[in-house]
$ cat structure_7.txt   # compact mmCIF, C-alpha atoms
# COMPACT_ATOMS: atom_id res chain seq x y z
CA MET A 1 -52.29 -1.24 21.69
CA GLU A 2 -52.00 -0.98 17.95
CA THR A 3 -48.84 -1.52 15.93
CA VAL A 4 -46.23 1.16 16.52
CA PRO A 5 -45.50 2.95 13.24
CA LEU A 6 -41.87 2.92 12.16
CA ASP A 7 -40.16 6.29 11.88
CA PRO A 8 -40.45 7.95 8.50
CA PRO A 9 -37.14 8.83 6.85
CA GLY A 10 -35.56 12.14 7.83
CA PRO A 11 -36.04 14.29 10.94
CA GLY A 12 -39.30 14.56 12.85
CA PRO A 13 -41.71 17.50 12.79
CA PHE A 14 -40.28 19.22 15.88
CA GLN A 15 -37.08 21.01 16.69
CA VAL A 16 -35.10 19.17 19.34
CA HIS A 17 -35.95 21.27 22.37
CA LEU A 18 -35.61 21.52 26.13
CA ASP A 19 -38.81 20.58 27.93
CA PRO A 20 -38.30 20.09 31.69
CA PHE A 21 -40.71 17.70 33.37
CA ASN A 22 -43.76 19.58 34.68
CA THR A 23 -47.34 18.42 35.14
CA ALA A 24 -48.54 21.43 37.14
CA ASP A 25 -50.62 22.77 34.22
CA ASN A 26 -51.22 19.44 32.56
CA GLN A 27 -54.61 20.01 30.93
CA PRO A 28 -55.74 16.73 29.33
CA PHE A 29 -57.14 18.23 26.13
CA ILE A 30 -55.25 20.26 23.55
CA ASP A 31 -56.24 22.31 20.53
CA ASP A 32 -56.65 20.16 17.42
CA ASN A 33 -55.03 22.91 15.35
CA SER A 34 -51.84 23.08 17.43
CA ASP A 35 -48.77 21.07 16.44
CA TRP A 36 -49.45 18.62 19.26
CA GLY A 37 -53.12 18.40 18.34
CA ILE A 38 -52.22 17.56 14.75
CA LEU A 39 -49.79 14.90 15.97
CA ALA A 40 -52.47 13.43 18.29
CA THR A 41 -54.86 13.15 15.37
CA GLU A 42 -52.19 11.58 13.18
CA LEU A 43 -50.88 9.04 15.70
CA LEU A 44 -53.88 8.35 17.92
CA ASN A 45 -56.92 9.31 15.84
CA GLU A 46 -57.78 11.88 18.52
CA HIS A 47 -60.45 14.47 17.66
CA GLN A 48 -61.62 17.44 19.69
CA THR A 49 -65.29 16.94 18.81
CA ASP A 50 -65.71 13.57 20.50
CA ARG A 51 -63.09 13.53 23.27
CA GLN A 52 -65.41 14.35 26.17
CA LEU A 53 -67.99 11.81 25.00
CA MET A 54 -65.27 9.17 24.76
CA VAL A 55 -64.08 9.96 28.30
CA ASP A 56 -67.64 9.68 29.63
CA ASN A 57 -68.20 6.37 27.83
CA PHE A 58 -64.86 5.05 29.04
CA ARG A 59 -65.71 5.99 32.64
CA GLN A 60 -68.95 4.03 32.42
CA SER A 61 -67.16 1.05 30.89
CA VAL A 62 -64.59 1.07 33.70
CA LEU A 63 -67.33 1.17 36.35
CA GLN A 64 -69.03 -1.80 34.71
CA ASP A 65 -65.85 -3.83 34.32
CA ASP A 66 -65.52 -6.66 36.86
CA GLU A 67 -61.73 -6.30 37.08
CA LEU A 68 -61.63 -2.51 37.35
CA ARG A 69 -64.73 -1.44 39.27
CA HIS A 70 -63.38 -2.00 42.77
CA TRP A 71 -59.87 -0.77 41.95
CA ILE A 72 -60.95 2.57 40.54
CA GLN A 73 -63.52 3.20 43.28
CA MET A 74 -60.80 2.84 45.92
CA ASP A 75 -59.70 6.31 44.81
CA LYS A 76 -62.63 8.44 43.64
CA ASP A 77 -60.22 10.93 42.06
CA ARG A 78 -59.31 8.28 39.50
CA CYS A 79 -62.87 7.85 38.35
CA ASN A 80 -63.65 11.57 38.33
CA SER A 81 -60.38 12.66 36.76
CA CYS A 82 -60.62 13.41 33.06
CA GLU A 83 -56.82 13.61 32.97
CA PHE A 84 -56.40 10.11 34.48
CA LEU A 85 -58.90 8.46 32.14
CA THR A 86 -57.50 10.25 29.09
CA ARG A 87 -54.07 8.69 29.72
CA PHE A 88 -55.51 5.25 29.07
CA LEU A 89 -57.65 6.35 26.13
CA ARG A 90 -54.54 7.72 24.42
CA ALA A 91 -52.68 4.48 25.20
CA GLY A 92 -55.52 2.63 23.47
CA SER A 93 -55.78 5.05 20.52
CA TRP A 94 -59.19 6.22 21.78
CA GLN A 95 -60.72 2.76 21.41
CA LEU A 96 -62.62 1.43 24.40
CA GLU A 97 -61.49 -2.20 24.57
CA PRO A 98 -57.73 -1.56 24.01
CA SER A 99 -57.90 1.25 26.59
CA LEU A 100 -59.61 -1.02 29.11
CA LYS A 101 -56.95 -3.67 28.46
CA VAL A 102 -54.16 -1.20 29.30
CA MET A 103 -55.92 -0.14 32.50
CA ARG A 104 -56.48 -3.76 33.56
CA SER A 105 -52.78 -4.50 33.04
CA PHE A 106 -51.79 -1.35 34.93
CA CYS A 107 -53.98 -2.10 37.95
CA GLN A 108 -52.58 -5.66 38.13
CA LEU A 109 -48.94 -4.54 38.36
CA GLY A 110 -48.99 -4.11 42.12
CA LYS A 111 -50.58 -7.52 42.61
CA SER A 112 -48.34 -9.32 40.15
CA TYR A 113 -45.02 -7.71 41.16
CA PRO A 114 -45.46 -6.38 44.73
CA ALA A 115 -41.77 -6.65 45.63
CA ILE A 116 -40.94 -4.27 42.77
CA ILE A 117 -43.88 -1.87 42.57
CA SER A 118 -43.94 -1.28 46.36
CA LEU A 119 -40.49 0.33 46.06
CA ALA A 120 -41.52 2.82 43.38
CA SER A 121 -41.10 6.07 45.29
CA PRO A 122 -38.16 8.46 44.80
CA LYS A 123 -36.95 8.33 48.41
CA GLN A 124 -36.63 4.53 48.35
CA LEU A 125 -34.46 4.56 45.25
CA GLU A 126 -31.56 6.81 46.25
CA SER A 127 -29.01 4.11 45.41
CA VAL A 128 -30.28 3.95 41.81
CA TRP A 129 -30.13 7.72 41.33
CA ARG A 130 -26.72 7.94 43.00
CA HIS A 131 -25.21 5.45 40.56
CA LYS A 132 -26.83 7.17 37.56
CA LEU A 133 -28.23 3.95 36.14
CA ASN A 134 -31.19 5.47 34.33
CA THR A 135 -32.67 8.85 33.50
CA VAL A 136 -35.13 10.74 31.33
CA LEU A 137 -33.66 13.55 29.25
CA GLU A 138 -35.13 17.02 29.62
CA THR A 139 -34.76 17.38 25.85
CA ARG A 140 -37.38 15.81 23.59
CA ASP A 141 -36.32 14.34 20.26
CA SER A 142 -37.43 15.65 16.87
CA PHE A 143 -40.56 13.45 17.03
CA GLY A 144 -41.58 15.05 20.34
CA ARG A 145 -40.77 11.95 22.37
CA ARG A 146 -39.25 11.69 25.78
CA VAL A 147 -35.92 9.84 25.75
CA TYR A 148 -35.39 7.24 28.48
CA ILE A 149 -31.83 5.95 28.95
CA PHE A 150 -30.82 3.02 31.12
CA ARG A 151 -27.34 1.61 31.61
CA LEU A 152 -27.90 -2.04 32.37
CA GLY A 153 -24.23 -2.91 31.96
CA GLU A 154 -23.22 -0.37 34.62
CA TRP A 155 -25.54 -1.88 37.20
CA ASP A 156 -23.75 -3.63 40.07
CA PRO A 157 -26.25 -6.03 41.69
CA ALA A 158 -24.11 -6.11 44.82
CA THR A 159 -24.65 -2.36 45.30
CA VAL A 160 -28.09 -1.75 43.86
CA PRO A 161 -30.72 -4.43 44.60
CA THR A 162 -32.43 -5.84 41.52
CA ASN A 163 -35.94 -4.84 42.58
CA GLU A 164 -34.87 -1.25 43.24
CA PHE A 165 -33.42 -0.97 39.74
CA TYR A 166 -36.64 -2.27 38.20
CA ALA A 167 -38.80 -0.11 40.47
CA SER A 168 -36.94 2.98 39.25
CA ALA A 169 -37.85 2.11 35.65
CA PHE A 170 -41.52 1.76 36.56
CA LEU A 171 -41.45 5.04 38.48
CA LEU A 172 -39.97 6.97 35.56
CA PHE A 173 -42.41 5.39 33.09
CA HIS A 174 -45.30 6.26 35.40
CA LEU A 175 -44.16 9.88 35.73
CA MET A 176 -43.78 10.21 31.95
CA SER A 177 -47.27 8.82 31.44
CA LYS A 178 -48.68 11.87 33.23
CA GLU A 179 -47.38 14.25 30.55
CA VAL A 180 -49.86 15.02 27.77
CA LYS A 181 -47.09 15.47 25.19
CA THR A 182 -45.60 12.08 26.09
CA GLN A 183 -49.02 10.40 25.99
CA ILE A 184 -49.23 11.61 22.40
CA ALA A 185 -45.68 11.31 21.07
CA GLY A 186 -44.46 8.39 23.19
CA VAL A 187 -41.01 7.42 24.40
CA THR A 188 -37.71 6.45 22.82
CA VAL A 189 -35.79 3.91 24.93
CA ILE A 190 -32.01 3.80 24.70
CA ALA A 191 -30.39 0.83 26.42
CA ASP A 192 -26.64 0.80 26.98
CA ILE A 193 -25.85 -2.82 27.80
CA SER A 194 -22.22 -2.80 26.80
CA ASN A 195 -20.96 -4.44 30.01
CA PHE A 196 -23.88 -6.78 30.55
CA ALA A 197 -22.56 -10.09 31.87
CA LEU A 198 -23.32 -13.31 33.73
CA LYS A 199 -23.43 -11.52 37.09
CA HIS A 200 -26.41 -9.52 35.81
CA ILE A 201 -28.22 -12.47 34.26
CA SER A 202 -27.85 -14.49 37.47
CA CYS A 203 -29.75 -11.78 39.38
CA LEU A 204 -32.75 -11.74 37.06
CA GLY A 205 -35.49 -13.99 38.31
CA LEU A 206 -38.70 -14.80 36.48
CA GLU A 207 -40.55 -12.04 38.34
CA GLN A 208 -38.09 -9.36 37.17
CA ILE A 209 -38.09 -10.59 33.57
CA LYS A 210 -41.89 -10.75 33.45
CA CYS A 211 -42.15 -7.30 35.03
CA ILE A 212 -39.96 -5.52 32.47
CA ALA A 213 -41.77 -7.32 29.66
CA ALA A 214 -45.09 -6.16 31.13
CA LEU A 215 -43.87 -2.55 31.40
CA LEU A 216 -42.87 -2.54 27.73
CA THR A 217 -45.97 -4.28 26.40
CA GLY A 218 -48.93 -2.28 27.61
CA SER A 219 -48.99 -2.22 31.42
CA VAL A 220 -48.09 1.48 31.57
CA PRO A 221 -50.19 3.95 29.52
CA ILE A 222 -47.48 5.26 27.20
CA TRP A 223 -46.28 4.32 23.73
CA PHE A 224 -42.75 2.99 23.29
CA ARG A 225 -42.28 4.09 19.71
CA ARG A 226 -38.57 3.38 19.31
CA ASN A 227 -36.21 1.15 21.26
CA VAL A 228 -32.48 1.32 20.62
CA GLY A 229 -29.90 -0.99 22.19
CA PHE A 230 -26.14 -0.51 22.24
CA SER A 231 -23.59 -3.20 23.03
CA LEU A 232 -20.00 -4.13 22.28
CA GLU A 233 -20.75 -7.79 21.64
CA PHE A 234 -23.56 -9.25 19.59
CA LYS A 235 -23.79 -12.23 21.98
CA THR A 236 -25.04 -9.82 24.65
CA PHE A 237 -28.11 -9.15 22.53
CA GLN A 238 -28.63 -12.84 22.01
CA ASP A 239 -28.56 -13.42 25.78
CA ILE A 240 -31.07 -10.65 26.53
CA ASN A 241 -33.28 -11.52 23.58
CA GLY A 242 -33.40 -15.10 24.80
CA LEU A 243 -34.60 -13.97 28.22
CA ILE A 244 -37.29 -11.50 27.16
CA TYR A 245 -38.46 -12.56 23.69
CA PRO A 246 -40.63 -15.51 24.84
CA LEU A 247 -42.64 -13.08 27.00
CA MET A 248 -42.99 -10.52 24.19
CA VAL A 249 -43.52 -12.84 21.23
CA GLU A 250 -47.10 -11.63 20.72
CA CYS A 251 -46.06 -7.96 20.80
CA ASP A 252 -44.94 -7.47 17.21
CA ASN A 253 -45.18 -3.70 17.65
CA ILE A 254 -42.45 -3.69 20.31
CA MET A 255 -40.20 -6.19 18.56
CA ALA A 256 -40.43 -4.26 15.29
CA SER A 257 -39.38 -1.03 17.02
CA ILE A 258 -36.10 -2.43 18.40
CA GLU A 259 -32.85 -1.45 16.71
CA TYR A 260 -29.57 -3.16 17.62
CA TYR A 261 -26.10 -1.65 17.36
CA ALA A 262 -23.39 -4.20 18.03
CA LYS A 263 -20.36 -6.00 16.66
$ encode --input "structure_7.txt" --output "structure tokens"
Amino acid sequence: METVPLDPPGPGPFQVHLDPFNTADNQPFIDDNSDWGILATELLNEHQTDRQLMVDNFRQSVLQDDELRHWIQMDKDRCNSCEFLTRFLRAGSWQLEPSLKVMRSFCQLGKSYPAIISLASPKQLESVWRHKLNTVLETRDSFGRRVYIFRLGEWDPATVPTNEFYASAFLLFHLMSKEVKTQIAGVTVIADISNFALKHISCLGLEQIKCIAALLTGSVPIWFRRNVGFSLEFKTFQDINGLIYPLMVECDNIMASIEYYAK
């Protein structure tokens, strides 16, 4: 993915508005002259005149790719679905190689983190939802983004298994990636880690740390355009930064989008 642009000063181009999650009529292409079409052109260099050609070329590239050919042919709907392929083209700003890179990372998630990804279905994650540890707001922000909130400090590892917590994040990211508006505008992440402590750190193995880094750095086809963290103590940020930064050091776009609010 390309560098995430920093927010311009002042409010975004949209009114903050209610937009309940719905992919029933999720047509992959939108009018270039609509507000969302203008935003897609501005952020992703998306143009109505060459979209279908790009999708066709991307499909052929996927079928010729040694890492992707078998994976995508396991489900013919993937290869034939314009909507599915367009998700990855938007994640790669309509450039073939970056889009292929996102798809390769996405298809490797299940192999790399099976203990987490295998749990990513709503019925297996009732304990996460019951404790209200993370959510996606029905209201988009003024830049048209979905807002994802997770409360890491409120997580009790003794009650909610670590892999279930992480699987819930993947599931929500995956669901958001199906929305055309979110593919275009991206996601704002708000992390409340005010009570994050040693009991949490001790439950994070290398697999969990690598998984969350992968989710934030191109393994899910959505843009994380702004990441905001809240904490009561600055040391909390130092602890988390020390865990994740080595795995994200090459992702300047993500690191530049993080804002810290702490003592």
$ residues_around --input "structure_7.txt" --residues "Pro221 (chain A)" --least-positions-apart "6" --cutoff "10 Å" --atoms "only C-alpha atoms" --output "list in words"
Met1, Thr86, Arg87, Phe88, Leu89, Arg90, Ala91, Gly92, Ser99, Val102, Met103, Ser105, Phe106, Phe173, His174, Met176, Ser177, Lys178, Thr182, Gln183, Gly186 and Leu215 of chain A
$ atom_distance --input "structure_7.txt" --atom1 "CA of Glu179 (chain A)" --atom2 "CA of Thr139 (chain A)"
13.8 Å
$ residues_around --input "structure_7.txt" --residues "region 65-74 of chain A" --least-positions-apart "2" --cutoff "9 Å" --atoms "only C-alpha atoms" --output "PyMOL selection string"
chain A and resi 60-63+76-79+100+103-104+107
$ atom_distance --input "structure_7.txt" --atom1 "CA of Ile117 (chain A)" --atom2 "CA of Ala197 (chain A)"
25.2 Å
$ closest_residue --input "structure_7.txt" --among "A:Ile201, A:Val187, A:Val220, A:Val128" --to "Ser142 (chain A)" --atoms "all atoms listed in the file"
A:Val187
$ closest_residue --input "structure_7.txt" --among "A:Asp192, A:Glu138, A:Asp156, A:Asp35" --to "Phe21 (chain A)" --atoms "only C-alpha atoms"
A:Glu138
$ atom_distance --input "structure_7.txt" --atom1 "CA of Leu53 (chain A)" --atom2 "CA of Leu216 (chain A)"
29.1 Å
$ closest_residue --input "structure_7.txt" --among "A:Phe196, A:Trp155, A:Trp94, A:Phe84" --to "Thr41 (chain A)" --atoms "all atoms listed in the file"
A:Trp94
$ residues_around --input "structure_7.txt" --residues "Ala158 (chain A)" --least-positions-apart "5" --cutoff "10 Å" --atoms "only C-alpha atoms" --output "compact mmCIF listing (two decimals) with C-alpha atoms, in the frame of the given file"
# COMPACT_ATOMS: atom_id res chain seq x y z
CA LYS A 199 -23.43 -11.52 37.09
CA HIS A 200 -26.41 -9.52 35.81
CA CYS A 203 -29.75 -11.78 39.38
$ residues_around --input "structure_7.txt" --residues "Phe165 (chain A)" --least-positions-apart "2" --cutoff "10 Å" --atoms "only C-alpha atoms" --output "number ranges by chain"
A: 116, 119-120, 125, 127-129, 133-134, 150, 152, 155, 157, 160-163, 167-170, 208
$ closest_residue --input "structure_7.txt" --among "A:Lys123, A:Arg146, A:Arg59, A:His131" --to "Leu96 (chain A)" --atoms "all atoms listed in the file"
A:Arg59
